[in-house]
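Below is start-v9.cif, holding mmCIF, C-alpha atoms and all ligand atoms; chains and numbers go by the auth columns.
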```
data_structure
loop_
_atom_site.group_PDB
_atom_site.id
_atom_site.type_symbol
_atom_site.label_atom_id
_atom_site.label_comp_id
_atom_site.label_asym_id
_atom_site.label_seq_id
_atom_site.Cartn_x
_atom_site.Cartn_y
_atom_site.Cartn_z
_atom_site.B_iso_or_equiv
_atom_site.auth_seq_id
_atom_site.auth_asym_id
ATOM 1 C CA MET A 1 -2.495 95.684 -65.928 0.00 1410 A
ATOM 2 C CA LYS A 2 -1.013 95.253 -62.508 0.00 1411 A
ATOM 3 C CA MET A 3 0.787 92.098 -63.558 0.00 1412 A
ATOM 4 C CA LYS A 4 2.130 93.749 -66.656 0.00 1413 A
ATOM 5 C CA ARG A 5 3.504 96.753 -64.798 0.00 1414 A
ATOM 6 C CA SER A 6 5.390 94.665 -62.287 0.00 1415 A
ATOM 7 C CA HIS A 7 6.763 92.654 -65.163 0.00 1416 A
ATOM 8 C CA VAL A 8 8.104 95.852 -66.735 0.00 1417 A
ATOM 9 C CA ILE A 9 9.609 96.922 -63.425 0.00 1418 A
ATOM 10 C CA GLY A 10 11.206 93.519 -63.132 0.00 1419 A
ATOM 11 C CA VAL A 11 12.802 93.851 -66.543 0.00 1420 A
ATOM 12 C CA VAL A 12 13.971 97.375 -65.845 0.00 1421 A
ATOM 13 C CA SER A 13 15.519 96.454 -62.524 0.00 1422 A
ATOM 14 C CA ALA A 14 17.167 93.418 -64.112 0.00 1423 A
ATOM 15 C CA VAL A 15 18.715 95.670 -66.748 0.00 1424 A
ATOM 16 C CA VAL A 16 19.848 98.141 -64.109 0.00 1425 A
ATOM 17 C CA MET A 17 21.341 95.397 -61.983 0.00 1426 A
ATOM 18 C CA GLY A 18 23.029 93.933 -65.038 0.00 1427 A
ATOM 19 C CA ALA A 19 24.554 97.267 -65.952 0.00 1428 A
ATOM 20 C CA ALA A 20 25.712 97.747 -62.391 0.00 1429 A
ATOM 21 C CA GLY A 21 27.234 94.290 -62.469 0.00 1430 A
ATOM 22 C CA ILE A 22 29.115 95.034 -65.659 0.00 1431 A
ATOM 23 C CA GLY A 23 30.231 98.310 -64.146 0.00 1432 A
ATOM 24 C CA LEU A 24 31.580 96.441 -61.146 0.00 1433 A
ATOM 25 C CA ILE A 25 33.426 93.985 -63.359 0.00 1434 A
ATOM 26 C CA VAL A 26 34.957 96.796 -65.404 0.00 1435 A
ATOM 27 C CA LYS A 27 35.903 98.610 -62.217 0.00 1436 A
ATOM 28 C CA PHE A 28 37.499 95.423 -60.918 0.00 1437 A
ATOM 29 C CA PHE A 29 39.774 95.213 -63.923 0.00 1438 A
ATOM 30 C CA VAL A 30 40.554 98.921 -64.081 0.00 1439 A
ATOM 31 C CA ASP A 31 41.213 99.272 -60.365 0.00 1440 A
ATOM 32 C CA LYS A 32 43.231 96.100 -60.122 0.00 1441 A
ATOM 33 C CA PRO A 33 45.514 96.731 -57.190 0.00 1442 A
ATOM 34 C CA GLU A 34 49.156 97.143 -58.027 0.00 1443 A
ATOM 35 C CA THR A 35 51.111 94.058 -57.086 0.00 1444 A
ATOM 36 C CA PRO A 36 54.774 94.219 -56.067 0.00 1445 A
ATOM 37 C CA ALA A 37 55.671 92.532 -59.355 0.00 1446 A
ATOM 38 C CA ASP A 38 54.154 95.443 -61.249 0.00 1447 A
ATOM 39 C CA LYS A 39 56.273 97.971 -59.437 0.00 1448 A
ATOM 40 C CA VAL A 40 58.628 99.767 -61.750 0.00 1449 A
ATOM 41 C CA THR A 41 62.308 100.153 -61.036 0.00 1450 A
ATOM 42 C CA LEU A 42 64.144 103.078 -62.531 0.00 1451 A
ATOM 43 C CA TRP A 43 67.424 102.614 -64.341 0.00 1452 A
ATOM 44 C CA ILE A 44 69.934 104.793 -66.081 0.00 1453 A
ATOM 45 C CA CYS A 45 72.571 103.774 -68.605 0.00 1454 A
ATOM 46 C CA LEU A 46 75.806 105.752 -68.530 0.00 1455 A
ATOM 47 C CA ALA A 47 77.518 104.060 -71.466 0.00 1456 A
ATOM 48 C CA GLU A 48 77.192 107.079 -73.708 0.00 1457 A
ATOM 49 C CA ASP A 49 77.499 110.812 -73.257 0.00 1458 A
ATOM 50 C CA VAL A 50 73.747 111.218 -73.129 0.00 1459 A
ATOM 51 C CA PRO A 51 72.379 108.866 -70.470 0.00 1460 A
ATOM 52 C CA HIS A 52 69.656 106.458 -71.435 0.00 1461 A
ATOM 53 C CA GLU A 53 66.805 106.332 -68.947 0.00 1462 A
ATOM 54 C CA PHE A 54 64.505 103.349 -68.764 0.00 1463 A
ATOM 55 C CA ASP A 55 62.113 101.475 -66.502 0.00 1464 A
ATOM 56 C CA VAL A 56 62.046 97.780 -65.707 0.00 1465 A
ATOM 57 C CA LYS A 57 59.112 96.189 -63.943 0.00 1466 A
ATOM 58 C CA VAL A 58 60.079 94.139 -60.919 0.00 1467 A
ATOM 59 C CA LYS A 59 58.584 91.037 -62.512 0.00 1468 A
ATOM 60 C CA ASP A 60 60.694 91.633 -65.622 0.00 1469 A
ATOM 61 C CA LEU A 61 63.968 91.820 -63.716 0.00 1470 A
ATOM 62 C CA GLY A 62 64.068 88.031 -63.920 0.00 1471 A
ATOM 63 C CA SER A 63 64.288 88.220 -67.691 0.00 1472 A
ATOM 64 C CA PHE A 64 67.803 89.617 -67.317 0.00 1473 A
ATOM 65 C CA PRO A 65 69.689 86.576 -65.987 0.00 1474 A
ATOM 66 C CA ASN A 66 73.036 88.316 -66.382 0.00 1475 A
ATOM 67 C CA GLY A 67 71.902 91.650 -65.047 0.00 1476 A
ATOM 68 C CA VAL A 68 69.888 94.421 -66.575 0.00 1477 A
ATOM 69 C CA VAL A 69 71.158 95.777 -69.881 0.00 1478 A
ATOM 70 C CA CYS A 70 70.246 99.034 -71.522 0.00 1479 A
ATOM 71 C CA PRO A 71 67.352 98.583 -73.963 0.00 1480 A
ATOM 72 C CA VAL A 72 68.709 101.453 -76.059 0.00 1481 A
ATOM 73 C CA CYS A 73 72.350 100.508 -76.559 0.00 1482 A
ATOM 74 C CA GLY A 74 72.639 97.087 -74.926 0.00 1483 A
ATOM 75 C CA SER A 75 75.277 98.239 -72.478 0.00 1484 A
ATOM 76 C CA GLU A 76 75.671 96.672 -69.053 0.00 1485 A
ATOM 77 C CA ASP A 77 76.774 100.017 -67.641 0.00 1486 A
ATOM 78 C CA VAL A 78 73.400 100.530 -66.047 0.00 1487 A
ATOM 79 C CA HIS A 79 72.562 101.726 -62.567 0.00 1488 A
ATOM 80 C CA ARG A 80 69.511 101.879 -60.402 0.00 1489 A
ATOM 81 C CA ALA A 81 68.132 105.365 -60.488 0.00 1490 A
ATOM 82 C CA MET A 82 65.719 107.748 -58.897 0.00 1491 A
ATOM 83 C CA GLN A 83 63.720 110.419 -60.635 0.00 1492 A
ATOM 84 C CA CYS A 84 64.626 114.027 -60.041 0.00 1493 A
ATOM 85 C CA PRO A 85 61.555 115.809 -58.693 0.00 1494 A
ATOM 86 C CA GLU A 86 62.682 118.987 -60.388 0.00 1495 A
ATOM 87 C CA CYS A 87 63.562 118.047 -63.960 0.00 1496 A
ATOM 88 C CA GLY A 88 62.211 114.490 -64.145 0.00 1497 A
ATOM 89 C CA HIS A 89 65.513 113.009 -65.300 0.00 1498 A
ATOM 90 C CA TYR A 90 66.711 109.758 -63.820 0.00 1499 A
ATOM 91 C CA ILE A 91 69.719 110.076 -61.550 0.00 1500 A
ATOM 92 C CA PRO A 92 71.922 107.093 -60.692 0.00 1501 A
ATOM 93 C CA THR A 93 71.808 106.109 -57.046 0.00 1502 A
ATOM 94 C CA GLY A 94 74.333 104.072 -55.130 0.00 1503 A
ATOM 95 C CA LEU A 95 77.036 104.909 -57.632 0.00 1504 A
ATOM 96 C CA HIS A 96 80.358 104.293 -55.883 0.00 1505 A
ATOM 97 C CA GLY A 97 78.345 103.611 -52.754 0.00 1506 A
ATOM 98 C CA ALA A 98 77.194 107.190 -52.557 0.00 1507 A
ATOM 99 C CA THR A 99 73.796 108.695 -52.958 0.00 1508 A
ATOM 100 C CA PRO A 100 73.538 111.894 -54.935 0.00 1509 A
ATOM 101 C CA GLU A 101 72.942 115.090 -53.048 0.00 1510 A
ATOM 102 C CA THR A 102 72.225 117.067 -56.145 0.00 1511 A
ATOM 103 C CA CYS A 103 70.725 116.251 -59.501 0.00 1512 A
ATOM 104 C CA MET A 104 73.415 115.717 -62.127 0.00 1513 A
ATOM 105 C CA PHE A 105 71.144 117.300 -64.713 0.00 1514 A
ATOM 106 C CA CYS A 106 69.602 120.376 -63.120 0.00 1515 A
ATOM 107 C CA GLY A 107 71.569 120.656 -59.880 0.00 1516 A
ATOM 108 C CA ALA A 108 68.491 120.488 -57.675 0.00 1517 A
ATOM 109 C CA GLU A 109 69.124 119.456 -54.101 0.00 1518 A
ATOM 110 C CA LEU A 110 67.718 116.028 -53.401 0.00 1519 A
ATOM 111 C CA ALA A 111 66.202 114.574 -50.282 0.00 1520 A
ATOM 112 C CA GLY A 112 68.596 111.735 -49.597 0.00 1521 A
ATOM 113 C CA GLY A 113 66.272 110.028 -47.152 0.00 1522 A
ATOM 114 C CA LYS A 114 64.053 108.503 -49.771 0.00 1523 A
ATOM 115 C CA ILE A 115 66.853 106.902 -51.720 0.00 1524 A
ATOM 116 C CA ASP A 116 66.909 103.732 -49.621 0.00 1525 A
ATOM 117 C CA THR A 117 63.643 102.699 -51.237 0.00 1526 A
ATOM 118 C CA PHE A 118 65.495 102.043 -54.453 0.00 1527 A
ATOM 119 C CA HIS A 119 68.114 99.841 -52.856 0.00 1528 A
ATOM 120 C CA SER A 120 66.337 96.535 -52.899 0.00 1529 A
ATOM 121 C CA LYS A 121 67.844 93.728 -54.907 0.00 1530 A
ATOM 122 C CA GLY A 122 69.065 94.223 -58.418 0.00 1531 A
ATOM 123 C CA GLY A 123 71.933 96.315 -59.584 0.00 1532 A
ATOM 124 C CA HIS A 124 75.065 94.305 -59.956 0.00 1533 A
HETATM 125 ZN ZN ZN B . 72.424 102.726 -73.072 0.00 1601 B
HETATM 126 ZN ZN ZN B . 67.048 117.443 -61.948 0.00 1602 B
#
```
Please express what this file holds, its structure, as structure tokens.
Amino acid sequence: MKMKRSHVIGVVSAVVMGAAGIGLIVKFFVDKPETPADKVTLWICLAEDVPHEFDVKVKDLGSFPNGVVCPVCGSEDVHRAMQCPECGHYIPTGLHGATPETCMFCGAELAGGKIDTFHSKGGH
């Protein structure tokens, strides 16, 4: 009987370890750390009266050899953008070399200090 019991314990612990291992593997895939290439850049298209807002992953910027174009209307009149913390709309940054002080949609005052983060490469 003693042999049999330890055998059962062995099986149980093997199953538990296996489940834990699978859990670890799943966790590895789910918690995959964000790489710089997966960072999302925010863009806004001003070709039409109603701006088109869209995201482009950093790694996908290379798929626009002639510059990013609007996925909605195909226009090249696109600008890097930041997201308004108040209304969630995208606001063009660096337009005419200036950073917005207020949201063009809701008029919220914006903290200009963070805007530099969006001024990496890209744009025109
Ligand atoms: Zn557009
Ligand atoms: Zn706003």
For segment 1494-1505 of chain A, please output as a PDB file with C-alpha atoms, in the coordinates of the input all residues within 8 Å (counting all atoms listed in the file; exclusion window: fewer than 4 positions along the same chain).
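Wrote it out as result_22.pdb, contents follow:
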```pdb
ATOM      1  CA  LEU A1451      64.144 103.078 -62.531  1.00  0.00           C
ATOM      2  CA  TRP A1452      67.424 102.614 -64.341  1.00  0.00           C
ATOM      3  CA  ILE A1453      69.934 104.793 -66.081  1.00  0.00           C
ATOM      4  CA  GLU A1462      66.805 106.332 -68.947  1.00  0.00           C
ATOM      5  CA  HIS A1488      72.562 101.726 -62.567  1.00  0.00           C
ATOM      6  CA  ARG A1489      69.511 101.879 -60.402  1.00  0.00           C
ATOM      7  CA  ALA A1490      68.132 105.365 -60.488  1.00  0.00           C
ATOM      8  CA  PRO A1509      73.538 111.894 -54.935  1.00  0.00           C
ATOM      9  CA  CYS A1512      70.725 116.251 -59.501  1.00  0.00           C
ATOM     10  CA  MET A1513      73.415 115.717 -62.127  1.00  0.00           C
ATOM     11  CA  PHE A1514      71.144 117.300 -64.713  1.00  0.00           C
ATOM     12  CA  CYS A1515      69.602 120.376 -63.120  1.00  0.00           C
ATOM     13  CA  ALA A1517      68.491 120.488 -57.675  1.00  0.00           C
ATOM     14  CA  ILE A1524      66.853 106.902 -51.720  1.00  0.00           C
ATOM     15  CA  PHE A1527      65.495 102.043 -54.453  1.00  0.00           C
ATOM     16  CA  HIS A1528      68.114  99.841 -52.856  1.00  0.00           C
TER      17      HIS A1528
END
```
Evaluated on this file, the PyMOL selection byres (((chain A and resi 1448) around 9) and not hetatm) picks out some residues - which ones are they, written as a list in words? Glu1443, Thr1444, Pro1445, Ala1446, Asp1447, Val1449, Thr1450, Val1465, Lys1466, Val1467 and Lys1468 of chain A
Residue nearest ligand ZN 1602 (chain B) - candidates A:Ala1520, A:Cys1493, A:Thr1508, A:Ser1484, atoms counted: all atoms listed in the file: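 Among the listed residues, the smallest separation from ligand ZN 1602 (chain B) belongs to A:Cys1493.
These residues, each with an atom at most 9 Å from (70.7, 94.6, -64.3) using all atoms listed in the file, are Trp1452, Leu1470, Phe1473, Pro1474, Asn1475, Gly1476, Val1477, Val1478, Cys1479, Glu1485, Asp1486, Val1487, His1488, Arg1489, Gly1531, Gly1532 and His1533 of chain A.
Between atom ZN of ligand ZN 1601 (chain B) and atom CA of His1461 of chain A the interatomic distance comes to 4.9 Å.
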What do you get, as a PyMOL selection string, if you spell out every residue that the PyMOL selection byres (((not hetatm)) within 7 of (chain B and resi 1601)) selects here? chain A and resi 1454-1457+1460-1461+1479-1484
Between atom CA of Arg1414 of chain A and atom CA of Leu1433 of chain A, measure the distance and give it in Å to one decimal. 28.3 Å
Determine the nearest neighbour of ligand ZN 1602 (chain B) from the options A:Gly1430, A:Gly1516, A:Gly1471, A:Gly1419, counting all atoms listed in the file. A:Gly1516
Kindly indicate which residue among A:Ser1472, A:Glu1510, A:Gln1492, A:Phe1463 lies nearest to ligand ZN 1602 (chain B), using all atoms listed in the file for the distances.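 Selected residue with least distance to ligand ZN 1602 (chain B): A:Gln1492.
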Just the number, please: distance in Å from atom CA of Asp1464 of chain A to atom CA of Val1435 of chain A, one decimal.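 About the pair atom CA of Asp1464 of chain A and atom CA of Val1435 of chain A: they are 27.6 Å apart.
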Closest to ligand ZN 1602 (chain B) among A:Val1417, A:Val1459, A:Ala1428, A:Leu1519, using only C-alpha atoms and all ligand atoms? A:Leu1519
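The closest residue to ligand ZN 1602 (chain B), picked from A:Val1420, A:Met1426, A:Ile1431, A:Met1491 and counting all atoms listed in the file, is A:Met1491.
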Please produce segment 1492-1516 of chain A, completed to N, CA and C atoms, as an mmCIF file, keeping the file's coordinate frame.
```cif
data_model
loop_
_atom_site.group_PDB
_atom_site.id
_atom_site.type_symbol
_atom_site.label_atom_id
_atom_site.label_comp_id
_atom_site.auth_asym_id
_atom_site.auth_seq_id
_atom_site.Cartn_x
_atom_site.Cartn_y
_atom_site.Cartn_z
ATOM 1 N N GLN A 1492 64.143 109.351 -59.746
ATOM 2 C CA GLN A 1492 63.720 110.419 -60.635
ATOM 3 C C GLN A 1492 63.851 111.757 -59.945
ATOM 4 N N CYS A 1493 64.484 112.691 -60.611
ATOM 5 C CA CYS A 1493 64.626 114.027 -60.041
ATOM 6 C C CYS A 1493 63.256 114.688 -59.980
ATOM 7 N N PRO A 1494 62.874 115.167 -58.794
ATOM 8 C CA PRO A 1494 61.555 115.809 -58.693
ATOM 9 C C PRO A 1494 61.499 117.136 -59.429
ATOM 10 N N GLU A 1495 62.663 117.679 -59.736
ATOM 11 C CA GLU A 1495 62.682 118.987 -60.388
ATOM 12 C C GLU A 1495 62.590 118.864 -61.904
ATOM 13 N N CYS A 1496 63.492 118.085 -62.501
ATOM 14 C CA CYS A 1496 63.562 118.047 -63.960
ATOM 15 C C CYS A 1496 63.018 116.740 -64.531
ATOM 16 N N GLY A 1497 62.792 115.734 -63.662
ATOM 17 C CA GLY A 1497 62.211 114.490 -64.145
ATOM 18 C C GLY A 1497 63.211 113.520 -64.716
ATOM 19 N N HIS A 1498 64.490 113.930 -64.817
ATOM 20 C CA HIS A 1498 65.513 113.009 -65.300
ATOM 21 C C HIS A 1498 65.795 111.936 -64.257
ATOM 22 N N TYR A 1499 66.298 110.819 -64.730
ATOM 23 C CA TYR A 1499 66.711 109.758 -63.820
ATOM 24 C C TYR A 1499 68.151 110.029 -63.396
ATOM 25 N N ILE A 1500 68.399 109.828 -62.104
ATOM 26 C CA ILE A 1500 69.719 110.076 -61.550
ATOM 27 C C ILE A 1500 70.208 108.773 -60.949
ATOM 28 N N PRO A 1501 71.428 108.347 -61.270
ATOM 29 C CA PRO A 1501 71.922 107.093 -60.692
ATOM 30 C C PRO A 1501 72.050 107.194 -59.186
ATOM 31 N N THR A 1502 71.636 106.152 -58.494
ATOM 32 C CA THR A 1502 71.808 106.109 -57.046
ATOM 33 C C THR A 1502 72.782 104.992 -56.715
ATOM 34 N N GLY A 1503 73.434 105.116 -55.586
ATOM 35 C CA GLY A 1503 74.333 104.072 -55.130
ATOM 36 C C GLY A 1503 75.589 103.970 -55.963
ATOM 37 N N LEU A 1504 75.827 104.916 -56.826
ATOM 38 C CA LEU A 1504 77.036 104.909 -57.632
ATOM 39 C C LEU A 1504 78.233 105.133 -56.708
ATOM 40 N N HIS A 1505 79.200 104.235 -56.770
ATOM 41 C CA HIS A 1505 80.358 104.293 -55.883
ATOM 42 C C HIS A 1505 79.926 104.325 -54.418
ATOM 43 N N GLY A 1506 78.811 103.701 -54.132
ATOM 44 C CA GLY A 1506 78.345 103.611 -52.754
ATOM 45 C C GLY A 1506 77.800 104.916 -52.206
ATOM 46 N N ALA A 1507 77.677 105.895 -53.039
ATOM 47 C CA ALA A 1507 77.194 107.190 -52.557
ATOM 48 C C ALA A 1507 75.827 107.491 -53.152
ATOM 49 N N THR A 1508 75.063 108.235 -52.427
ATOM 50 C CA THR A 1508 73.796 108.695 -52.958
ATOM 51 C C THR A 1508 73.957 110.156 -53.362
ATOM 52 N N PRO A 1509 73.351 110.523 -54.449
ATOM 53 C CA PRO A 1509 73.538 111.894 -54.935
ATOM 54 C C PRO A 1509 72.872 112.910 -54.021
ATOM 55 N N GLU A 1510 73.544 114.012 -53.839
ATOM 56 C CA GLU A 1510 72.942 115.090 -53.048
ATOM 57 C C GLU A 1510 72.316 116.125 -53.959
ATOM 58 N N THR A 1511 72.804 116.138 -55.174
ATOM 59 C CA THR A 1511 72.225 117.067 -56.145
ATOM 60 C C THR A 1511 71.969 116.326 -57.450
ATOM 61 N N CYS A 1512 71.036 116.840 -58.199
ATOM 62 C CA CYS A 1512 70.725 116.251 -59.501
ATOM 63 C C CYS A 1512 71.845 116.555 -60.467
ATOM 64 N N MET A 1513 72.324 115.512 -61.184
ATOM 65 C CA MET A 1513 73.415 115.717 -62.127
ATOM 66 C C MET A 1513 72.962 116.454 -63.385
ATOM 67 N N PHE A 1514 71.658 116.626 -63.521
ATOM 68 C CA PHE A 1514 71.144 117.300 -64.713
ATOM 69 C C PHE A 1514 70.827 118.766 -64.433
ATOM 70 N N CYS A 1515 70.057 119.014 -63.364
ATOM 71 C CA CYS A 1515 69.602 120.376 -63.120
ATOM 72 C C CYS A 1515 70.194 120.963 -61.852
ATOM 73 N N GLY A 1516 70.923 120.132 -61.068
ATOM 74 C CA GLY A 1516 71.569 120.656 -59.880
ATOM 75 C C GLY A 1516 70.656 120.817 -58.687
#
```
